[in-house]
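Data first, discussion second: the structure below is written as structure tokens.
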Amino acid sequence: MNRKENILETIQMIAEEKLDIRTVTMGISLLDCADSDGEKAREKIYNKITSYAKDLVPVAQEIEDQLGIPIINKRISVTPIALIAGASSDTDYVAFAKTLDAAAKKVGVDFIGGFSALVEKGYTKGDRILIDSIPRALSETSVVCSSVNIGSTKAGINMDAVAQMGKVVKETAELTADTGGLGAAKLVVFANAVDDNPFMAGAFHGVGEADVVVHVGVSGPGVVKRALEKVKGESFDVVAETIKVAAFKITRMGQLVGTMASERLGVPFGIVDLSLAPTPALGDSVAYILQEMGVERVGTHGTTAALAVLNDAVKKGGLMACGHVGGLSGSFIPVSEDIGMIEAVELGAITIDKLEAMTAICSVGLDMVAVPGKTTAATLSAIIADEAAIGIMNHKTTAVRIIPVPGMDVGDTVEFGGLLGRAPLLGVSEFSSEDLISRGGHIPAPLHSFKN
Amino acid sequence: MRAIITVTGKDHTGIVASVSKKLADVQVNILDISQTLMEEYFTMILLCDFTSSPHSIPEVREQMKEIEAEEKLVVRIQSEEIFNAMHTL
């Protein structure tokens, strides 16, 4: 291929196939901001975030201008606040969420993640207060995202936390009823959460990370879809190879943007997250890629196999293209944020059960799934427990971002707008999981945790 | 710094002249031009050197808006780095 064709290919990817850098995320450690006086801790947090991230947005815009590639989101992730706020004598962490909100707005980022707690093995005082504060924190701030890790392959599943998170999700949705339960869209319940994930709402800055780093999340479902259109009817060997080549090119761009951002901000470059992330825009759908492989609608038999091919080939193609791969790396299959998924739900092609099966393969889990407002906390907890079990048994990250939309039922559609999109409500089982969830305690770690 | 400028639009007389005149005005040096017609669409790729220009890519992009409107063209200016990153190892 000559140079001219390469240039036109890149331009077509950006202009027509909606290739973009989904996010440049600055991870900031707040470990040195802990203080026995909550007020002082918040002041240190505000000052650290606003001084470290003050150039993030302008630098990202500069790169966008120079390369002509859109950078959709600029974000910040911070150390899980439960670890920082736990040092204070505060009995409620809503004020910490407001500080994060204010700092994020001051530097102009789209989201800040890290109003988080890690309770896979047990609760600390800070974890307990933070989780109690989530519903109010998410309803009284606008750009703060929250996550709670309730299980891991090494630690098993904290079923007390699972039971509590069902209630927290429900309460958060209810407190934000006027926006269709939007608060719950900013809350992720994880198993095997990763420390370097640049994607919201689950981003936080793990304790093993450097003081400040820059991560990049690339995306480009349109590019992969278009590449597959050219190999219609060919065998899966060709399909896998084609995806690998497309993923390689997409990732090279992520690596370039990350390197530039890191140099200009004077901050180490963390990882490129290889995930294919959809948006509600036409031509930017992961579901369409699966359909291009041959399933009439995403959700029908064969979808899980198609997703497995996609996920694996994306990783294989991307790995060589960049220095450090991390985060979640795979494919996102959020319902509300993917036009192909939305259509599939509307047609009844996909159910929550099939989605759950797909999450054994995809990079996250049940993501942006809207369910009836009357869904009980125990059912939400049981859904979380199922997902966590898939995660810990299969050595992968799984998550639940579910929105029990107040006042809505199956047949209704909730509109969140923007990147969060719209979601037709999915039905959940009518049968109770109450007794399972009320047991509490801990599901022991699976045996393969001894594979050291 | 080097950048790639691509110009696309319906073919008509004077496109090369108007674009190159504007680039001369902003002191951007053209290193290479290739131009072709894809169906009835005019497609031109210019490799340019910005080192001698006092203007940045966004500033030149702004300057080009006038020509885009007058000549009904789409002009894209992107640092050469993005093409190198994606297509060369």
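Chain identifiers are assigned as A, B, and so on, following the order in which chains appear in the structure tokens; residues are numbered from 1 within each chain, and ligands are numbered from 1 in order of appearance.
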Using backbone DSSP assignments, extract all strand (DSSP E) residues from chain B; output them as a short mmCIF file (atom, residue, chain, number, x, y, z; two decimals) with C-alpha atoms, in the first residue's frame.
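The resulting file, result.cif, is shown below:
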```cif
data_model
loop_
_atom_site.label_atom_id
_atom_site.label_comp_id
_atom_site.auth_asym_id
_atom_site.auth_seq_id
_atom_site.Cartn_x
_atom_site.Cartn_y
_atom_site.Cartn_z
CA ARG B 2 5.61 18.42 9.13
CA ALA B 3 1.94 18.05 8.52
CA ILE B 4 -0.31 16.42 5.98
CA ILE B 5 -3.00 18.57 4.44
CA THR B 6 -5.78 16.83 2.58
CA VAL B 7 -8.25 18.67 0.41
CA THR B 8 -11.41 17.05 -0.89
CA GLY B 9 -14.40 18.41 -2.72
CA LYS B 10 -16.21 18.57 -6.04
CA ASN B 29 6.21 25.37 2.75
CA ILE B 30 4.79 22.67 0.47
CA LEU B 31 7.18 19.71 0.17
CA ASP B 32 5.06 17.39 -1.94
CA ILE B 33 1.73 17.47 -3.69
CA SER B 34 -0.24 14.61 -5.09
CA GLN B 35 -3.64 15.02 -6.59
CA THR B 36 -6.19 12.75 -8.13
CA LEU B 37 -9.84 12.57 -9.09
CA MET B 38 -11.80 9.86 -7.29
CA TYR B 41 -14.24 14.19 -6.32
CA PHE B 42 -11.06 16.11 -6.26
CA THR B 43 -8.60 14.71 -3.71
CA MET B 44 -5.31 16.40 -2.98
CA ILE B 45 -2.68 15.47 -0.41
CA LEU B 46 0.02 17.96 0.51
CA LEU B 47 3.02 17.27 2.68
CA CYS B 48 3.94 20.56 4.29
CA ASP B 49 6.65 21.94 6.51
CA LEU B 73 -13.93 22.05 0.02
CA VAL B 74 -13.02 20.09 3.09
CA VAL B 75 -9.48 20.83 4.24
CA ARG B 76 -7.89 18.69 6.94
CA ILE B 77 -4.55 19.44 8.54
CA GLN B 78 -2.94 16.78 10.69
CA SER B 79 0.53 16.30 12.04
#
```
Inset, instruction - Write out as a ChimeraX atom specification each polymer residue whose atoms come within 10 Å of region 48-64 of chain A, counting only C-alpha atoms; drop sequence neighbours fewer than 6 positions from it. - result: /A:20-21,23-30,32-33,42,70-78,99-100,102-110,212,214,256-258,260-262,264-265,267 /B:57-58,78-79
Inset, instruction - State, in Å with one decimal place, the distance from CA of Glu171 (chain A) to CA of Thr351 (chain A). - result: 24.5 Å
Using only C-alpha atoms, which residues of chain A come within 6 Å of chain B, and what is the closest atom pair for each, with the distance in Å to one decimal? Give it as a tab-separated table, sorted by chain and residue number.
```
residue	atom	partner	partner_atom	distance
A:Gln66	CA	B:Ser79	CA	5.5
A:Leu67	CA	B:Gln78	CA	4.7
A:Gly68	CA	B:Gln78	CA	5.1
A:Lys249	CA	B:Met86	CA	5.1
A:Arg252	CA	B:Met86	CA	5.5
```
Residues just named, written with N, CA and C atoms as a PDB file, in the first residue's frame:
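Generated file (result-v8.pdb):
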```
ATOM      1  N   GLN A  66      -3.521  19.051  16.816  1.00  0.00           N
ATOM      2  CA  GLN A  66      -2.335  18.768  16.017  1.00  0.00           C
ATOM      3  C   GLN A  66      -2.497  17.499  15.179  1.00  0.00           C
ATOM      4  N   LEU A  67      -3.109  16.474  15.782  1.00  0.00           N
ATOM      5  CA  LEU A  67      -3.246  15.206  15.074  1.00  0.00           C
ATOM      6  C   LEU A  67      -4.548  15.107  14.287  1.00  0.00           C
ATOM      7  N   GLY A  68      -5.488  15.969  14.606  1.00  0.00           N
ATOM      8  CA  GLY A  68      -6.777  15.894  13.936  1.00  0.00           C
ATOM      9  C   GLY A  68      -7.568  14.664  14.327  1.00  0.00           C
ATOM     10  N   LYS A 249      -3.718  -1.001  14.257  1.00  0.00           N
ATOM     11  CA  LYS A 249      -3.680   0.400  13.806  1.00  0.00           C
ATOM     12  C   LYS A 249      -4.324   1.330  14.828  1.00  0.00           C
ATOM     13  N   ARG A 252      -1.977   1.758  17.804  1.00  0.00           N
ATOM     14  CA  ARG A 252      -0.805   2.587  17.523  1.00  0.00           C
ATOM     15  C   ARG A 252      -1.133   4.055  17.741  1.00  0.00           C
TER      16      ARG A 252
END
```
Legend entry - Shell of 8 Å around Val26 (chain B), only C-alpha atoms, local chain residues under 3 positions omitted, as JSON, numbers by chain: {"B": [22, 23, 53, 54, 55, 60]}
Since we have the selection now, will you write its residues out, keeping N, CA and C atoms, as a short mmCIF file (atom, residue, chain, number, x, y, z; two decimals), in the first residue's frame?
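To be explicit, this is the file written out as selection.cif:
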```cif
data_model
loop_
_atom_site.label_atom_id
_atom_site.label_comp_id
_atom_site.auth_asym_id
_atom_site.auth_seq_id
_atom_site.Cartn_x
_atom_site.Cartn_y
_atom_site.Cartn_z
N LYS B 22 -2.94 30.40 -0.22
CA LYS B 22 -3.19 30.61 1.21
C LYS B 22 -2.02 30.08 2.04
N LEU B 23 -1.49 28.91 1.64
CA LEU B 23 -0.36 28.33 2.36
C LEU B 23 0.86 29.23 2.25
N SER B 53 6.96 28.59 9.40
CA SER B 53 5.74 29.38 9.59
C SER B 53 5.59 29.83 11.04
N PRO B 54 5.15 31.07 11.24
CA PRO B 54 4.89 31.51 12.60
C PRO B 54 3.56 30.95 13.14
N HIS B 55 2.83 30.27 12.26
CA HIS B 55 1.48 29.81 12.65
C HIS B 55 1.45 28.34 13.04
N VAL B 60 -3.60 27.80 11.16
CA VAL B 60 -3.70 27.63 9.71
C VAL B 60 -5.06 27.04 9.35
#
```
Inset, instruction - Give the alpha helix (DSSP H) residues of region 12-243 of chain A, as DSSP finds them on the backbone, and put them as number ranges by chain. - result: A: 12-15, 38-52, 56-67, 81-85, 94-107, 125-140, 159-175, 221-229, 236-243
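For the residues B:Glu39, B:Met1, B:Glu66, B:Ser52, ranking by smallest atom-to-atom distance to Val19 (chain B) using only C-alpha atoms places B:Glu66 first.
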Inset, instruction - For CA of Ala34 (chain A) and CA of Leu130 (chain A), quote the distance in Å rounded to one decimal. - result: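 Result for CA of Ala34 (chain A) versus CA of Leu130 (chain A): 14.6 Å, one decimal.
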Legend entry - Polymer residues at most 10 Å from region 116-124 of chain A, only C-alpha atoms, same-chain spacing of 6 or more positions, as an NGL selection string: :A and (78-83 or 86 or 130-131 or 134 or 145-162 or 187-193 or 202-205 or 441-445)
